[in-house]
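What follows is a short report on a single structure.
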Amino acid sequence: MKKILAVSAVLFLALAVIVSPGLASQLSSNQASVNLNYVIGESLTVSATPSTATFSGATPTTGVISISTVWNLASNRSGVWINWGFSSPTAALSNGSGSNIPSSEVFANINGGAYSACTQTAFTNVSGLTPGAVCGGYPVAIFPASPLSGSDIAPITLQLQGLPTALPAGTYTGTLQIIAGAI
Amino acid sequence: MKKAIALIVLGLIGNAAAAQTVSPLIAEFGKKISGDFTVSNNALTPQAVTIEAFSFGADKDGKPIYRALDSGIAVRLSETSARLGPKASRSIHYQITCVAYPCEVAIFADFVGLHTTNGIALSIHVPHVVYACEKVKGCRALVRKSWGLDK
């Protein structure tokens, strides 16, 4: 019996010696990886509030029109510009019966500043904004100084000045063209 | 109470910002010019949008100067006008052929403002800009250098 026990013990120890290096070693698989890809597209959003404006008062003036620009651009862009004005220097507003208010008699200011006539020439010949009928504009962002993702609000007010006293009675309407862009 | 809330909501909609988005803003191509951009009406009211193409350059400060489409450039659009519902988007597909390269085109989405019977309506114009060259790589940079920018 003792012999059997002794032989068993020897066999067990021998087995332990054989098996233990295997147990101690680490099994390793190939390293798996998953490539992740998420594209955030560049975008430019422009809005204006309110959507229409009316002139009122002794010196006909609109309420504040807030033009909001929100951009999210890639790192190698140069800037975002905005301009606003009318499609016709001779008829910024019209009564629909042949009587017009030229853009030279429509003045605009920004952020409560000085009024200037809508006779500038920026943003030539595009989408209804005509040279000589531009009210104003500025770069809302110039990169890399400006953040690539940001927003800007331009509070503008329009005013009619120098209207001829002989302007026929009627309701005069027009459309303010707002252009924003990044190239 | 319900009436009051409805009136308030209608009032808000009437004065709501007509927020419009164009994405992506800039695309570069080789000689084969075929792409898409998305116009979105973020407002709670429907918006009419018209699409039109212009050529453009830049002044010394990099400010875009748009002009009528140059001769030798032809732009084919999947649609030239659309009506976007509240919070709706539309993908516009375009194909452009140019006689000479580089070739730059600004495709404007013109969001026509609400009609007004008194005073001023507002209309918003935002372009998707396309640069095309003999080779697509570095096309925009090449064009900007030709304008005297990014020396």
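Quick note on naming: the chains in the structure tokens go A, B, ... in the order shown, residues restart at 1 in each chain, and ligands are numbered from 1 in order of appearance.
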Q: Would you kindly return, as an MDAnalysis selection string, each protein, DNA or RNA residue with an atom no farther than 9 Å from any atom of Lys135 of chain B, considering only C-alpha atoms and excluding same-chain residues fewer than 2 positions away?
A: chainID B and resid 29:31 132:133 137:139
Q: Check every residue of chain B for an atom within 6 Å of chain A, counting only C-alpha atoms, and provide those that qualify as a ChimeraX atom specification.
A: /B:15,17-25,65-67,118-127
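Nearest-residue note for Pro60 of chain A: choosing from A:Leu148, A:Ser8, A:Val106, A:Gly112, the minimum distance belongs to A:Val106, counting only C-alpha atoms.
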Q.
I'd like to know which residues of chain A are helix (DSSP H, G or I) (by DSSP, run on the backbone); could you write them as a list in words?
A.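 Of chain A, only Lys2, Lys3, Ile4, Leu5, Ala6, Val7, Ser8, Ala9, Val10, Leu11, Phe12, Leu13, Ala14, Leu15, Ala16, Val17, Ile18, Val19, Ser20, Pro21, Gly22, Leu23, Ala24, Ser103, Ser104 and Glu105 of chain A fall in helix (DSSP H, G or I).
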Q: Name the closest residue to Thr97 of chain B among the candidates B:Ser71, B:Asn41, B:Thr80, B:Gln47; distances are taken between atoms, counting only C-alpha atoms.
A: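 For Thr97 of chain B, the nearest of the candidates is B:Ser71.
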Q | Shell around Ala91 of chain A at 6 Å using only C-alpha atoms, local window under 5 positions removed, as a ChimeraX atom specification | A | /A:100-102
Those same residues, written as a short mmCIF file (atom, residue, chain, number, x, y, z; two decimals), in the first residue's frame with all heavy atoms?
data_model
loop_
_atom_site.label_atom_id
_atom_site.label_comp_id
_atom_site.auth_asym_id
_atom_site.auth_seq_id
_atom_site.Cartn_x
_atom_site.Cartn_y
_atom_site.Cartn_z
N ASN A 100 -41.93 103.86 -57.15
CA ASN A 100 -40.89 103.10 -56.44
C ASN A 100 -40.13 103.97 -55.44
O ASN A 100 -40.04 105.18 -55.61
CB ASN A 100 -39.88 102.54 -57.45
CG ASN A 100 -40.53 101.66 -58.50
OD1 ASN A 100 -41.40 100.86 -58.17
ND2 ASN A 100 -40.15 101.84 -59.75
N ILE A 101 -39.56 103.31 -54.46
CA ILE A 101 -38.61 103.94 -53.55
C ILE A 101 -37.24 103.35 -53.87
O ILE A 101 -37.04 102.13 -53.72
CB ILE A 101 -38.98 103.68 -52.07
CG1 ILE A 101 -40.36 104.29 -51.77
CG2 ILE A 101 -37.92 104.23 -51.14
CD1 ILE A 101 -40.90 103.96 -50.39
N PRO A 102 -36.31 104.17 -54.37
CA PRO A 102 -35.00 103.63 -54.73
C PRO A 102 -34.19 103.25 -53.49
O PRO A 102 -34.47 103.72 -52.39
CB PRO A 102 -34.34 104.78 -55.50
CG PRO A 102 -35.01 106.01 -54.99
CD PRO A 102 -36.41 105.61 -54.64
#
Q: Write out as a ChimeraX atom specification the residues lying within 9 Å of Asp59 of chain B, counting only C-alpha atoms and excluding same-chain residues fewer than 6 positions away.
A: /B:65,147-149
Produce a file of the selected residues containing C-alpha atoms, as an mmCIF file, in the first residue's frame.
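Here's the written file out.cif:
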data_model
loop_
_atom_site.group_PDB
_atom_site.id
_atom_site.type_symbol
_atom_site.label_atom_id
_atom_site.label_comp_id
_atom_site.auth_asym_id
_atom_site.auth_seq_id
_atom_site.Cartn_x
_atom_site.Cartn_y
_atom_site.Cartn_z
ATOM 1 C CA ILE B 65 -17.358 88.030 -55.530
ATOM 2 C CA TRP B 147 -6.535 84.478 -56.948
ATOM 3 C CA GLY B 148 -3.404 85.677 -55.155
ATOM 4 C CA LEU B 149 -4.509 84.256 -51.790
#
(Q) Among chain A, which ones does DSSP assign to strand (DSSP E or B) (computed from the backbone)? Answer as an MDAnalysis selection string. (A) chainID A and resid 43:49 52:53 56 61 65:72 79:85 93:94 100:101 106:110 116:117 120 126 129 134:142 149:160 173:181
Restricting the output to C-alpha atoms, write the selected residues as a PDB file, in the first residue's frame.
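Heads up, here's the output in part-v7.pdb:
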ATOM      1  CA  SER A  43     -22.757  73.522 -42.666  1.00  0.00           C
ATOM      2  CA  LEU A  44     -23.902  77.116 -42.748  1.00  0.00           C
ATOM      3  CA  THR A  45     -27.243  78.213 -41.315  1.00  0.00           C
ATOM      4  CA  VAL A  46     -28.722  81.653 -41.790  1.00  0.00           C
ATOM      5  CA  SER A  47     -31.889  82.941 -40.213  1.00  0.00           C
ATOM      6  CA  ALA A  48     -33.631  86.251 -39.819  1.00  0.00           C
ATOM      7  CA  THR A  49     -36.142  87.365 -37.230  1.00  0.00           C
ATOM      8  CA  THR A  52     -41.141  90.543 -42.258  1.00  0.00           C
ATOM      9  CA  ALA A  53     -40.674  94.152 -41.153  1.00  0.00           C
ATOM     10  CA  SER A  56     -43.462 103.210 -39.072  1.00  0.00           C
ATOM     11  CA  THR A  61     -38.102 102.986 -39.477  1.00  0.00           C
ATOM     12  CA  ILE A  65     -34.116  92.613 -37.884  1.00  0.00           C
ATOM     13  CA  SER A  66     -31.741  90.061 -36.378  1.00  0.00           C
ATOM     14  CA  ILE A  67     -29.713  88.133 -38.931  1.00  0.00           C
ATOM     15  CA  SER A  68     -28.210  85.059 -37.334  1.00  0.00           C
ATOM     16  CA  THR A  69     -25.367  83.078 -38.899  1.00  0.00           C
ATOM     17  CA  VAL A  70     -24.275  79.705 -37.535  1.00  0.00           C
ATOM     18  CA  TRP A  71     -21.324  77.912 -39.104  1.00  0.00           C
ATOM     19  CA  ASN A  72     -19.420  74.679 -38.662  1.00  0.00           C
ATOM     20  CA  GLY A  79     -13.979  82.796 -43.558  1.00  0.00           C
ATOM     21  CA  VAL A  80     -17.710  83.435 -43.638  1.00  0.00           C
ATOM     22  CA  TRP A  81     -19.177  86.601 -45.143  1.00  0.00           C
ATOM     23  CA  ILE A  82     -22.638  88.089 -45.009  1.00  0.00           C
ATOM     24  CA  ASN A  83     -24.263  90.916 -46.979  1.00  0.00           C
ATOM     25  CA  TRP A  84     -27.765  92.299 -47.252  1.00  0.00           C
ATOM     26  CA  GLY A  85     -29.542  94.636 -49.632  1.00  0.00           C
ATOM     27  CA  LEU A  93     -39.742  99.133 -52.513  1.00  0.00           C
ATOM     28  CA  SER A  94     -42.616  99.440 -54.926  1.00  0.00           C
ATOM     29  CA  ASN A 100     -40.886 103.100 -56.441  1.00  0.00           C
ATOM     30  CA  ILE A 101     -38.606 103.944 -53.551  1.00  0.00           C
ATOM     31  CA  VAL A 106     -33.401 103.284 -47.887  1.00  0.00           C
ATOM     32  CA  PHE A 107     -30.806 103.497 -45.147  1.00  0.00           C
ATOM     33  CA  ALA A 108     -29.558 100.742 -42.874  1.00  0.00           C
ATOM     34  CA  ASN A 109     -27.595 100.569 -39.675  1.00  0.00           C
ATOM     35  CA  ILE A 110     -26.156  97.740 -37.682  1.00  0.00           C
ATOM     36  CA  SER A 116     -25.897 104.601 -44.464  1.00  0.00           C
ATOM     37  CA  ALA A 117     -27.655 104.405 -47.805  1.00  0.00           C
ATOM     38  CA  GLN A 120     -22.957  99.724 -51.895  1.00  0.00           C
ATOM     39  CA  VAL A 126     -25.945  87.330 -57.277  1.00  0.00           C
ATOM     40  CA  LEU A 129     -28.619  91.295 -54.647  1.00  0.00           C
ATOM     41  CA  VAL A 134     -26.339  96.651 -51.112  1.00  0.00           C
ATOM     42  CA  CYS A 135     -27.007  97.977 -47.604  1.00  0.00           C
ATOM     43  CA  GLY A 136     -24.146  96.421 -45.700  1.00  0.00           C
ATOM     44  CA  GLY A 137     -22.135  93.382 -44.808  1.00  0.00           C
ATOM     45  CA  TYR A 138     -19.046  92.165 -43.060  1.00  0.00           C
ATOM     46  CA  PRO A 139     -16.999  89.021 -42.427  1.00  0.00           C
ATOM     47  CA  VAL A 140     -18.687  87.243 -39.533  1.00  0.00           C
ATOM     48  CA  ALA A 141     -15.683  84.932 -39.199  1.00  0.00           C
ATOM     49  CA  ILE A 142     -12.120  85.037 -40.472  1.00  0.00           C
ATOM     50  CA  SER A 149     -17.682  76.444 -35.234  1.00  0.00           C
ATOM     51  CA  GLY A 150     -19.572  79.498 -34.069  1.00  0.00           C
ATOM     52  CA  SER A 151     -22.400  81.949 -34.482  1.00  0.00           C
ATOM     53  CA  ASP A 152     -22.994  85.625 -35.056  1.00  0.00           C
ATOM     54  CA  ILE A 153     -25.980  87.943 -34.845  1.00  0.00           C
ATOM     55  CA  ALA A 154     -26.287  91.121 -36.901  1.00  0.00           C
ATOM     56  CA  PRO A 155     -29.066  93.370 -35.560  1.00  0.00           C
ATOM     57  CA  ILE A 156     -29.968  95.724 -38.411  1.00  0.00           C
ATOM     58  CA  THR A 157     -32.565  98.462 -38.772  1.00  0.00           C
ATOM     59  CA  LEU A 158     -33.866 100.013 -41.986  1.00  0.00           C
ATOM     60  CA  GLN A 159     -35.027 103.599 -42.335  1.00  0.00           C
ATOM     61  CA  LEU A 160     -36.500 105.635 -45.181  1.00  0.00           C
ATOM     62  CA  THR A 173     -43.319  96.542 -50.331  1.00  0.00           C
ATOM     63  CA  GLY A 174     -39.896  95.092 -51.032  1.00  0.00           C
ATOM     64  CA  THR A 175     -37.641  92.179 -50.182  1.00  0.00           C
ATOM     65  CA  LEU A 176     -34.413  92.380 -48.239  1.00  0.00           C
ATOM     66  CA  GLN A 177     -31.938  89.916 -49.747  1.00  0.00           C
ATOM     67  CA  ILE A 178     -29.559  88.301 -47.264  1.00  0.00           C
ATOM     68  CA  ILE A 179     -26.536  86.433 -48.616  1.00  0.00           C
ATOM     69  CA  ALA A 180     -24.075  84.438 -46.581  1.00  0.00           C
ATOM     70  CA  GLY A 181     -21.273  82.320 -47.918  1.00  0.00           C
TER      71      GLY A 181
END
Q) With only C-alpha atoms as the basis for distance, which of B:Ser34, B:Ser78, B:Thr50, B:Thr117 is at the shortest distance from Ser91 of chain B? A)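 Of B:Ser34, B:Ser78, B:Thr50, B:Thr117, the one nearest Ser91 of chain B is B:Ser78, counting only C-alpha atoms.
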Q.
One number please: atom CA of Phe108 of chain B to atom CA of Tyr38 of chain A, in Å, one decimal.
A. 27.1 Å
